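What's in structure_17.cif: mmCIF, C-alpha atoms and all ligand atoms
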data_model
#
loop_
_atom_site.group_PDB
_atom_site.id
_atom_site.type_symbol
_atom_site.label_atom_id
_atom_site.label_comp_id
_atom_site.auth_asym_id
_atom_site.auth_seq_id
_atom_site.Cartn_x
_atom_site.Cartn_y
_atom_site.Cartn_z
ATOM 1 C CA MET A 1 116.936 101.199 122.577
ATOM 2 C CA ILE A 2 115.151 102.995 119.760
ATOM 3 C CA ASN A 3 117.687 104.490 117.362
ATOM 4 C CA ARG A 4 115.829 104.427 114.065
ATOM 5 C CA ILE A 5 112.107 105.041 113.534
ATOM 6 C CA LEU A 6 110.253 104.476 110.266
ATOM 7 C CA THR A 7 107.025 106.378 109.579
ATOM 8 C CA ALA A 8 104.874 105.401 106.624
ATOM 9 C CA VAL A 9 103.062 108.417 105.203
ATOM 10 C CA ASP A 10 100.306 108.441 102.573
ATOM 11 C CA GLY A 11 98.974 111.990 102.972
ATOM 12 C CA SER A 12 96.019 110.925 105.165
ATOM 13 C CA ASP A 13 95.031 112.550 108.468
ATOM 14 C CA ALA A 14 95.766 109.286 110.304
ATOM 15 C CA SER A 15 99.286 109.178 108.875
ATOM 16 C CA ARG A 16 99.779 112.809 109.981
ATOM 17 C CA ARG A 17 98.844 111.790 113.517
ATOM 18 C CA ALA A 18 101.255 108.859 113.204
ATOM 19 C CA LEU A 19 103.942 111.280 112.065
ATOM 20 C CA ALA A 20 103.356 113.506 115.089
ATOM 21 C CA ALA A 21 103.730 110.505 117.423
ATOM 22 C CA ALA A 22 106.824 109.293 115.569
ATOM 23 C CA ALA A 23 108.418 112.757 115.728
ATOM 24 C CA ASP A 24 107.700 112.977 119.432
ATOM 25 C CA LEU A 25 109.362 109.600 120.040
ATOM 26 C CA ALA A 26 112.306 110.422 117.770
ATOM 27 C CA GLN A 27 112.878 113.633 119.639
ATOM 28 C CA LYS A 28 112.708 111.935 123.058
ATOM 29 C CA TYR A 29 114.941 109.017 122.039
ATOM 30 C CA ASP A 30 117.219 111.228 119.940
ATOM 31 C CA ALA A 31 116.535 108.788 117.106
ATOM 32 C CA GLU A 32 116.790 109.074 113.337
ATOM 33 C CA LEU A 33 113.381 109.455 111.656
ATOM 34 C CA VAL A 34 112.717 108.082 108.170
ATOM 35 C CA LEU A 35 109.593 109.145 106.283
ATOM 36 C CA LEU A 36 108.561 106.657 103.603
ATOM 37 C CA TYR A 37 105.964 107.115 100.851
ATOM 38 C CA VAL A 38 105.174 104.154 98.620
ATOM 39 C CA ILE A 39 103.835 104.555 95.088
ATOM 40 C CA ARG A 40 101.324 101.751 94.857
ATOM 41 C CA ASP A 41 101.651 99.410 91.856
ATOM 42 C CA MET A 42 98.827 99.765 89.413
ATOM 43 C CA GLN A 43 96.834 96.644 88.555
ATOM 44 C CA ILE A 44 96.374 96.528 84.783
ATOM 45 C CA PRO A 45 94.442 93.588 83.289
ATOM 46 C CA ASP A 46 96.414 91.363 80.842
ATOM 47 C CA SER A 47 94.130 92.283 77.948
ATOM 48 C CA VAL A 48 94.918 95.982 78.398
ATOM 49 C CA GLN A 49 98.591 95.318 79.202
ATOM 50 C CA LYS A 50 99.162 94.360 75.535
ATOM 51 C CA MET A 51 98.138 97.770 74.240
ATOM 52 C CA ALA A 52 101.010 99.742 72.760
ATOM 53 C CA ASP A 53 100.654 102.919 74.818
ATOM 54 C CA VAL A 54 100.334 101.251 78.243
ATOM 55 C CA GLU A 55 104.069 101.631 78.941
ATOM 56 C CA THR A 56 103.903 105.372 78.196
ATOM 57 C CA PHE A 57 100.895 105.685 80.459
ATOM 58 C CA LYS A 58 102.688 103.798 83.264
ATOM 59 C CA GLY A 59 105.699 106.120 82.911
ATOM 60 C CA THR A 60 103.521 109.237 83.062
ATOM 61 C CA ARG A 61 101.665 107.906 86.094
ATOM 62 C CA LEU A 62 104.933 107.057 87.867
ATOM 63 C CA SER A 63 106.305 110.595 87.326
ATOM 64 C CA ALA A 64 103.043 112.133 88.588
ATOM 65 C CA MET A 65 103.002 109.878 91.640
ATOM 66 C CA GLN A 66 106.666 110.660 92.325
ATOM 67 C CA LEU A 67 105.786 114.345 92.382
ATOM 68 C CA ILE A 68 102.855 113.714 94.733
ATOM 69 C CA GLY A 69 105.102 111.630 96.997
ATOM 70 C CA GLN A 70 107.742 114.353 97.100
ATOM 71 C CA GLN A 71 105.111 116.983 97.960
ATOM 72 C CA ILE A 72 103.712 114.871 100.804
ATOM 73 C CA LEU A 73 107.197 114.157 102.144
ATOM 74 C CA GLU A 74 108.239 117.811 101.885
ATOM 75 C CA GLU A 75 105.204 118.900 103.900
ATOM 76 C CA CYS A 76 105.839 116.171 106.497
ATOM 77 C CA GLU A 77 109.533 117.013 106.731
ATOM 78 C CA LYS A 78 108.695 120.664 107.465
ATOM 79 C CA LEU A 79 106.389 119.623 110.315
ATOM 80 C CA VAL A 80 109.013 117.301 111.785
ATOM 81 C CA THR A 81 111.794 119.885 111.568
ATOM 82 C CA LEU A 82 109.738 122.161 113.820
ATOM 83 C CA THR A 83 109.691 119.477 116.529
ATOM 84 C CA GLY A 84 113.473 119.508 116.840
ATOM 85 C CA VAL A 85 114.232 116.037 115.420
ATOM 86 C CA LYS A 86 117.800 116.249 114.154
ATOM 87 C CA GLU A 87 118.143 113.371 111.717
ATOM 88 C CA ILE A 88 115.376 113.176 109.109
ATOM 89 C CA LYS A 89 115.439 111.146 105.910
ATOM 90 C CA THR A 90 112.784 110.889 103.200
ATOM 91 C CA GLU A 91 112.217 108.013 100.759
ATOM 92 C CA VAL A 92 109.841 107.454 97.836
ATOM 93 C CA ARG A 93 109.660 103.859 96.562
ATOM 94 C CA PRO A 94 107.347 102.057 94.152
ATOM 95 C CA GLY A 95 105.648 98.726 94.895
ATOM 96 C CA ASP A 96 103.117 97.097 97.184
ATOM 97 C CA PRO A 97 102.943 99.540 100.144
ATOM 98 C CA ALA A 98 102.977 96.929 102.929
ATOM 99 C CA GLY A 99 105.689 94.884 101.197
ATOM 100 C CA VAL A 100 107.886 97.925 100.652
ATOM 101 C CA ILE A 101 107.417 99.159 104.247
ATOM 102 C CA LEU A 102 108.348 95.711 105.621
ATOM 103 C CA HIS A 103 111.322 95.352 103.290
ATOM 104 C CA TYR A 104 112.633 98.848 103.981
ATOM 105 C CA ALA A 105 112.311 98.425 107.741
ATOM 106 C CA GLU A 106 114.401 95.228 107.659
ATOM 107 C CA GLU A 107 116.935 96.500 105.126
ATOM 108 C CA ALA A 108 117.559 99.764 107.001
ATOM 109 C CA ASP A 109 117.549 98.071 110.413
ATOM 110 C CA MET A 110 114.669 100.109 111.841
ATOM 111 C CA ASP A 111 113.708 99.674 115.508
ATOM 112 C CA LEU A 112 110.078 100.821 115.209
ATOM 113 C CA ILE A 113 107.479 101.229 112.441
ATOM 114 C CA VAL A 114 104.837 103.917 113.009
ATOM 115 C CA MET A 115 101.677 103.989 110.850
ATOM 116 C CA GLY A 116 98.159 105.354 110.925
ATOM 117 C CA SER A 117 95.470 102.767 111.692
ATOM 118 C CA ARG A 118 93.668 103.926 108.528
ATOM 119 C CA GLY A 119 94.751 105.781 105.427
ATOM 120 C CA LEU A 120 93.139 107.272 102.355
ATOM 121 C CA GLY A 121 90.981 104.234 101.562
ATOM 122 C CA GLY A 122 87.267 104.812 101.824
ATOM 123 C CA LEU A 123 86.121 101.468 103.288
ATOM 124 C CA GLU A 124 84.010 102.443 106.260
ATOM 125 C CA GLY A 125 83.739 100.488 109.491
ATOM 126 C CA MET A 126 87.260 99.009 109.360
ATOM 127 C CA LEU A 127 89.458 99.500 112.412
ATOM 128 C CA LEU A 128 92.625 98.847 110.452
ATOM 129 C CA GLY A 129 93.357 99.416 106.779
ATOM 130 C CA SER A 130 94.893 96.696 104.614
ATOM 131 C CA VAL A 131 98.383 98.211 104.746
ATOM 132 C CA SER A 132 98.554 98.678 108.519
ATOM 133 C CA ARG A 133 97.044 95.203 109.013
ATOM 134 C CA LYS A 134 99.528 93.456 106.718
ATOM 135 C CA VAL A 135 102.536 95.281 108.158
ATOM 136 C CA THR A 136 101.506 94.547 111.761
ATOM 137 C CA ASN A 137 100.809 90.889 110.943
ATOM 138 C CA LEU A 138 104.059 90.204 109.129
ATOM 139 C CA SER A 139 106.592 92.507 110.771
ATOM 140 C CA LYS A 140 109.336 91.157 113.004
ATOM 141 C CA ILE A 141 109.955 94.753 114.085
ATOM 142 C CA ALA A 142 107.757 96.489 116.673
ATOM 143 C CA CYS A 143 104.845 98.433 115.189
ATOM 144 C CA LEU A 144 102.849 101.355 116.505
ATOM 145 C CA THR A 145 99.480 102.057 114.855
ATOM 146 C CA VAL A 146 98.121 105.482 115.650
ATOM 147 C CA LYS A 147 94.344 106.010 115.679
HETATM 148 N N1 LIG A 201 101.236 104.267 99.926
HETATM 149 C C1 LIG A 201 101.618 104.321 101.196
HETATM 150 N N2 LIG A 201 102.867 104.743 101.511
HETATM 151 C C2 LIG A 201 103.269 104.812 102.784
HETATM 152 N N3 LIG A 201 102.487 104.497 103.840
HETATM 153 C C3 LIG A 201 101.239 104.058 103.586
HETATM 154 C C4 LIG A 201 100.740 103.949 102.265
HETATM 155 N N4 LIG A 201 99.461 103.486 102.345
HETATM 156 C C5 LIG A 201 99.185 103.337 103.644
HETATM 157 N N5 LIG A 201 100.244 103.678 104.410
HETATM 158 C C6 LIG A 201 100.340 103.657 105.881
HETATM 159 O O1 LIG A 201 99.395 102.736 106.389
HETATM 160 C C7 LIG A 201 98.439 103.428 107.199
HETATM 161 C C8 LIG A 201 97.082 102.765 107.039
HETATM 162 O O2 LIG A 201 96.654 102.909 105.703
HETATM 163 P P1 LIG A 201 95.812 101.791 104.956
HETATM 164 O O3 LIG A 201 96.080 100.464 105.578
HETATM 165 O O4 LIG A 201 96.079 101.941 103.494
HETATM 166 O O5 LIG A 201 94.293 102.193 105.317
HETATM 167 P P2 LIG A 201 93.071 102.517 104.338
HETATM 168 O O6 LIG A 201 92.548 101.196 103.904
HETATM 169 O O7 LIG A 201 92.122 103.295 105.196
HETATM 170 O O8 LIG A 201 93.637 103.307 103.195
HETATM 171 C C9 LIG A 201 98.509 104.901 106.765
HETATM 172 O O9 LIG A 201 98.075 105.799 107.787
HETATM 173 C C10 LIG A 201 99.999 105.024 106.496
HETATM 174 O O10 LIG A 201 100.716 105.163 107.732
HETATM 175 MG MG MG A 202 95.283 102.958 101.879
#

In structure tokens, write the structure found in this file.
Amino acid sequence: MINRILTAVDGSDASRRALAAAADLAQKYDAELVLLYVIRDMQIPDSVQKMADVETFKGTRLSAMQLIGQQILEECEKLVTLTGVKEIKTEVRPGDPAGVILHYAEEADMDLIVMGSRGLGGLEGMLLGSVSRKVTNLSKIACLTVK
């Protein structure tokens, strides 16, 4: 039985298609739908890390990304509401996207993870992006990747 569905959204067209599939399933199964946006950690080299204003910069970036995440989730939530899904929850979390998606899915006892096969990354010719690949490889929970 599918009671709780997790959709990972990054603002890409593929993740919008994933959202549409997830909403359709949630509506049919009468399941709760969680929309998760992950603020990717920024890789800063050690030499730059020591600079005094790096912490301020990180804080500013985090606030900006939080705003972007909220905007994406708001837009997605509006689309889902129109489909008649009753229980919708939104989450913004910082970290490694695949790691956070996997951790959240386990912690919140999700029954299905729905992702786009690709996201915003520009690497051409790949069938799966690094996030969808890592989640599918490591997840103990069923995954649906939407093309
Ligand atoms: N930051 C993120 N937050 C939530 N979901 C994400 C994030 N990045 C990617 N995803 C999910 O993983 C899917 C595949 O994206 P990804 O593996 O990053 O491909 P690409 O390499 O093309 O960016 C997206 O459609 C989305 O469902
Ligand atoms: Mg990506």

| task | Name the residues that the PyMOL selection byres (((chain A and resi 114) around 6) and not hetatm) pulls out of this structure, and write them as a list in words. | result | Thr7, Ile113, Met115, Cys143, Leu144 and Thr145 of chain A

| said: For Lys89 of chain A, find every residue with an atom within 7 Å (counting all atoms listed in the file), except residues of its own chain fewer than 2 positions away, and show them as a ChimeraX atom specification. | reply: /A:33-35,87,91

| Please, which residues have at least one atom within 6 Å of an atom of ligand LIG 201 (chain A), using all atoms listed in the file, listed as an MDAnalysis selection string? | chainID A and resid 8:10 14:15 36:40 97 115:121 129:132

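When only C-alpha atoms are used to measure the gap to Gln43 of chain A, the shortest distance among A:Arg133, A:Asp109, A:Lys58, A:Ser63 belongs to A:Lys58.
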
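Comparing the minimum interatomic distances between Arg61 of chain A and each of A:Met1, A:Met42, A:Val48, A:Ile141, counting only C-alpha atoms, we find that A:Met42 sits nearest.
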
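The coordinates place atom CA of Ala23 of chain A at 8.5 Å from atom CA of Gly84 of chain A.
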
Centre and edges of the segment 94-112 of chain A box, axis-aligned, 3 Å extra per side, as lines of an AutoDock Vina configuration file:
center_x = 110.3
center_y = 98.5
center_z = 104.8
size_x = 20.6
size_y = 13.2
size_z = 27.4

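Distance annotation: of A:Gly11, A:Pro94, A:Gly69, A:Pro45, the residue with the minimal separation from ligand MG 202 (chain A) is A:Gly11; atom set is only C-alpha atoms and all ligand atoms.
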